[in-house]
Amino acid sequence: SGPETEAVLLNTAGGIAGGDNFSIAIEAGPGAQLAVISAAAEKVYGAIDTVSLIDVRLSVAAAAALRWLPQETILFDGARLHRSIEVDVADGGLLVMAESTVFGRSAMDETVRRGELVDRWRIRQGGKLVFADTLRMSGDIAALLARPAAGGGATAFATIVIAPGDEALAEKARECLSACTIEAGASAWNGIAVIRLCGSDAALLR
């Protein structure tokens with residue numbers, strides 16, 4: 001394995017509108033060390049009647065490492081986003097991925113009153129499904145996020161997955177998160193470690 005290569009994602013359209021369909025496929029071949037980042041936060045604008053689609057497919061070969069670290073996805077009022085993330089990690093491969101979602105820009109006093117988000121994740125390790133997560137939110141997003149059992153007033157959240165990962169790694173993450181001023185937690189199961197965070201704005205989340 002050689003030095004890490006960095007790939008930068010660009011959206012020349014400047015954002016995603018209703019009816020847009022984006023597909024991204026990244027493969028880290030045997031021995032590759034790859035970090036994928038984005039040049040800017042992805043903005044999803046209001047849609048009248050047609051949803052926006054994002055399809056992400058990641059593949060990590062044996063002895064390869066992939067770090068998927070794009071900037072946050074920002075949903076504007078009225079945005080309707082359906083996103084699917086499919087990841088295959090071969091035995092001996094390493095995956096670190098972080099995705100964050102922000103509802104409106106707090107610095108601009110924006111509130112997402114209505115919208116729709118369907119975020120579907122499926123991660124396989126050695127051909128075995130180890131992480132299946134689907135988030136579905138629709139209607140009055142602000143009211144939903146205000147509920148204590150939902151967001152507790154948070155408007156920004158993130159999920160970090162490390163595969164392979166174990167309880168020792170999750171415990172190290174908890175030690176790091178103990179000083180956080182936002183809600184955060186770490187767990188380990190099925191040979192992976194997962195960290196979840198939520199806060200009142202994107203800056204705190206970062």
# chains A, B, ... in the order shown; residues from 1 in each chain; ligands from 1
call {"tool": "select_by_dssp", "arguments": {"residues": "stretch 123-206 of chain A", "states": "strand (DSSP E or B)", "output": "ChimeraX atom specification"}}
result
/A:123-125,128-139,156-163,183-189,192-199
call {"tool": "residues_around", "arguments": {"residues": "A:Ala158", "least_positions_apart": "2", "cutoff": "8 Å", "atoms": "only C-alpha atoms", "output": "PyMOL selection string"}}
result
chain A and resi 98-101+156+160+196-198+205
call {"tool": "residues_around", "arguments": {"residues": "stretch 114-123 of chain A", "least_positions_apart": "5", "cutoff": "8 Å", "atoms": "only C-alpha atoms", "output": "count of residues only"}}
result
28
call {"tool": "select_by_dssp", "arguments": {"residues": "stretch 6-204 of chain A", "states": "alpha helix (DSSP H)", "output": "NGL selection string"}}
result
:A and (141-146 or 167-177 or 202-204)
call {"tool": "write_last_selection", "arguments": {"atoms": "N, CA and C atoms", "output": "PDB file, in the first residue's frame"}}
result
ATOM      1  N   ILE A 141     -40.938  19.172   9.371  1.00  0.00           N
ATOM      2  CA  ILE A 141     -39.644  18.733   9.862  1.00  0.00           C
ATOM      3  C   ILE A 141     -39.269  19.440  11.159  1.00  0.00           C
ATOM      4  N   ALA A 142     -39.525  20.735  11.244  1.00  0.00           N
ATOM      5  CA  ALA A 142     -39.157  21.508  12.433  1.00  0.00           C
ATOM      6  C   ALA A 142     -39.864  20.956  13.672  1.00  0.00           C
ATOM      7  N   ALA A 143     -41.148  20.657  13.539  1.00  0.00           N
ATOM      8  CA  ALA A 143     -41.902  20.120  14.677  1.00  0.00           C
ATOM      9  C   ALA A 143     -41.394  18.736  15.058  1.00  0.00           C
ATOM     10  N   LEU A 144     -41.052  17.943  14.044  1.00  0.00           N
ATOM     11  CA  LEU A 144     -40.548  16.601  14.308  1.00  0.00           C
ATOM     12  C   LEU A 144     -39.208  16.648  15.050  1.00  0.00           C
ATOM     13  N   LEU A 145     -38.297  17.497  14.593  1.00  0.00           N
ATOM     14  CA  LEU A 145     -36.989  17.601  15.229  1.00  0.00           C
ATOM     15  C   LEU A 145     -37.075  18.194  16.633  1.00  0.00           C
ATOM     16  N   ALA A 146     -38.136  18.941  16.914  1.00  0.00           N
ATOM     17  CA  ALA A 146     -38.286  19.539  18.237  1.00  0.00           C
ATOM     18  C   ALA A 146     -38.691  18.516  19.291  1.00  0.00           C
ATOM     19  N   GLU A 167     -15.643  -3.003  20.276  1.00  0.00           N
ATOM     20  CA  GLU A 167     -16.020  -2.281  21.476  1.00  0.00           C
ATOM     21  C   GLU A 167     -14.869  -1.420  22.002  1.00  0.00           C
ATOM     22  N   ALA A 168     -13.635  -1.902  21.831  1.00  0.00           N
ATOM     23  CA  ALA A 168     -12.483  -1.103  22.279  1.00  0.00           C
ATOM     24  C   ALA A 168     -12.409   0.209  21.516  1.00  0.00           C
ATOM     25  N   LEU A 169     -12.684   0.165  20.215  1.00  0.00           N
ATOM     26  CA  LEU A 169     -12.690   1.386  19.411  1.00  0.00           C
ATOM     27  C   LEU A 169     -13.841   2.297  19.818  1.00  0.00           C
ATOM     28  N   ALA A 170     -15.003   1.703  20.090  1.00  0.00           N
ATOM     29  CA  ALA A 170     -16.155   2.494  20.525  1.00  0.00           C
ATOM     30  C   ALA A 170     -15.871   3.179  21.856  1.00  0.00           C
ATOM     31  N   GLU A 171     -15.168   2.482  22.745  1.00  0.00           N
ATOM     32  CA  GLU A 171     -14.839   3.066  24.042  1.00  0.00           C
ATOM     33  C   GLU A 171     -13.875   4.235  23.880  1.00  0.00           C
ATOM     34  N   LYS A 172     -12.907   4.107  22.973  1.00  0.00           N
ATOM     35  CA  LYS A 172     -12.007   5.233  22.701  1.00  0.00           C
ATOM     36  C   LYS A 172     -12.786   6.429  22.165  1.00  0.00           C
ATOM     37  N   ALA A 173     -13.774   6.136  21.303  1.00  0.00           N
ATOM     38  CA  ALA A 173     -14.606   7.211  20.763  1.00  0.00           C
ATOM     39  C   ALA A 173     -15.388   7.893  21.879  1.00  0.00           C
ATOM     40  N   ARG A 174     -15.905   7.107  22.815  1.00  0.00           N
ATOM     41  CA  ARG A 174     -16.665   7.691  23.932  1.00  0.00           C
ATOM     42  C   ARG A 174     -15.785   8.614  24.760  1.00  0.00           C
ATOM     43  N   GLU A 175     -14.526   8.234  24.954  1.00  0.00           N
ATOM     44  CA  GLU A 175     -13.608   9.085  25.702  1.00  0.00           C
ATOM     45  C   GLU A 175     -13.410  10.423  24.984  1.00  0.00           C
ATOM     46  N   CYS A 176     -13.269  10.356  23.658  1.00  0.00           N
ATOM     47  CA  CYS A 176     -13.104  11.590  22.881  1.00  0.00           C
ATOM     48  C   CYS A 176     -14.365  12.435  22.918  1.00  0.00           C
ATOM     49  N   LEU A 177     -15.529  11.778  22.920  1.00  0.00           N
ATOM     50  CA  LEU A 177     -16.801  12.486  22.861  1.00  0.00           C
ATOM     51  C   LEU A 177     -17.235  13.056  24.211  1.00  0.00           C
ATOM     52  N   ALA A 202     -24.461  23.314  12.234  1.00  0.00           N
ATOM     53  CA  ALA A 202     -23.392  22.589  11.571  1.00  0.00           C
ATOM     54  C   ALA A 202     -22.034  22.846  12.218  1.00  0.00           C
ATOM     55  N   ALA A 203     -21.809  24.068  12.700  1.00  0.00           N
ATOM     56  CA  ALA A 203     -20.507  24.398  13.285  1.00  0.00           C
ATOM     57  C   ALA A 203     -20.258  23.544  14.527  1.00  0.00           C
ATOM     58  N   LEU A 204     -21.257  23.401  15.390  1.00  0.00           N
ATOM     59  CA  LEU A 204     -21.108  22.566  16.578  1.00  0.00           C
ATOM     60  C   LEU A 204     -20.898  21.109  16.185  1.00  0.00           C
TER      61      LEU A 204
END
call {"tool": "residues_around", "arguments": {"residues": "A:Thr5", "least_positions_apart": "6", "cutoff": "10 Å", "atoms": "only C-alpha atoms", "output": "PDB file with N, CA, C and O atoms, in the first residue's frame"}}
result
ATOM      1  N   ALA A  32      -5.083   0.019  -2.241  1.00  0.00           N
ATOM      2  CA  ALA A  32      -5.270   1.467  -2.391  1.00  0.00           C
ATOM      3  C   ALA A  32      -5.568   2.125  -1.046  1.00  0.00           C
ATOM      4  O   ALA A  32      -6.179   1.530  -0.160  1.00  0.00           O
ATOM      5  N   GLN A  33      -5.139   3.376  -0.916  1.00  0.00           N
ATOM      6  CA  GLN A  33      -5.440   4.211   0.250  1.00  0.00           C
ATOM      7  C   GLN A  33      -6.098   5.476  -0.301  1.00  0.00           C
ATOM      8  O   GLN A  33      -5.431   6.306  -0.904  1.00  0.00           O
ATOM      9  N   LEU A  34      -7.394   5.599  -0.111  1.00  0.00           N
ATOM     10  CA  LEU A  34      -8.152   6.664  -0.777  1.00  0.00           C
ATOM     11  C   LEU A  34      -9.001   7.444   0.209  1.00  0.00           C
ATOM     12  O   LEU A  34      -9.716   6.855   1.035  1.00  0.00           O
ATOM     13  N   ALA A  35      -8.917   8.778   0.127  1.00  0.00           N
ATOM     14  CA  ALA A  35      -9.798   9.663   0.892  1.00  0.00           C
ATOM     15  C   ALA A  35     -10.661  10.438  -0.091  1.00  0.00           C
ATOM     16  O   ALA A  35     -10.140  11.043  -1.032  1.00  0.00           O
ATOM     17  N   VAL A  36     -11.961  10.417   0.112  1.00  0.00           N
ATOM     18  CA  VAL A  36     -12.895  11.136  -0.751  1.00  0.00           C
ATOM     19  C   VAL A  36     -13.528  12.259   0.063  1.00  0.00           C
ATOM     20  O   VAL A  36     -14.157  12.003   1.098  1.00  0.00           O
ATOM     21  N   LEU A  66     -10.595   3.091   2.563  1.00  0.00           N
ATOM     22  CA  LEU A  66     -11.388   4.184   1.985  1.00  0.00           C
ATOM     23  C   LEU A  66     -11.930   5.046   3.108  1.00  0.00           C
ATOM     24  O   LEU A  66     -12.567   4.547   4.039  1.00  0.00           O
TER      25      LEU A  66
END
call {"tool": "atom_distance", "arguments": {"atom1": "atom CA of A:Gly93", "atom2": "atom CA of A:Pro164"}}
result
7.9 Å
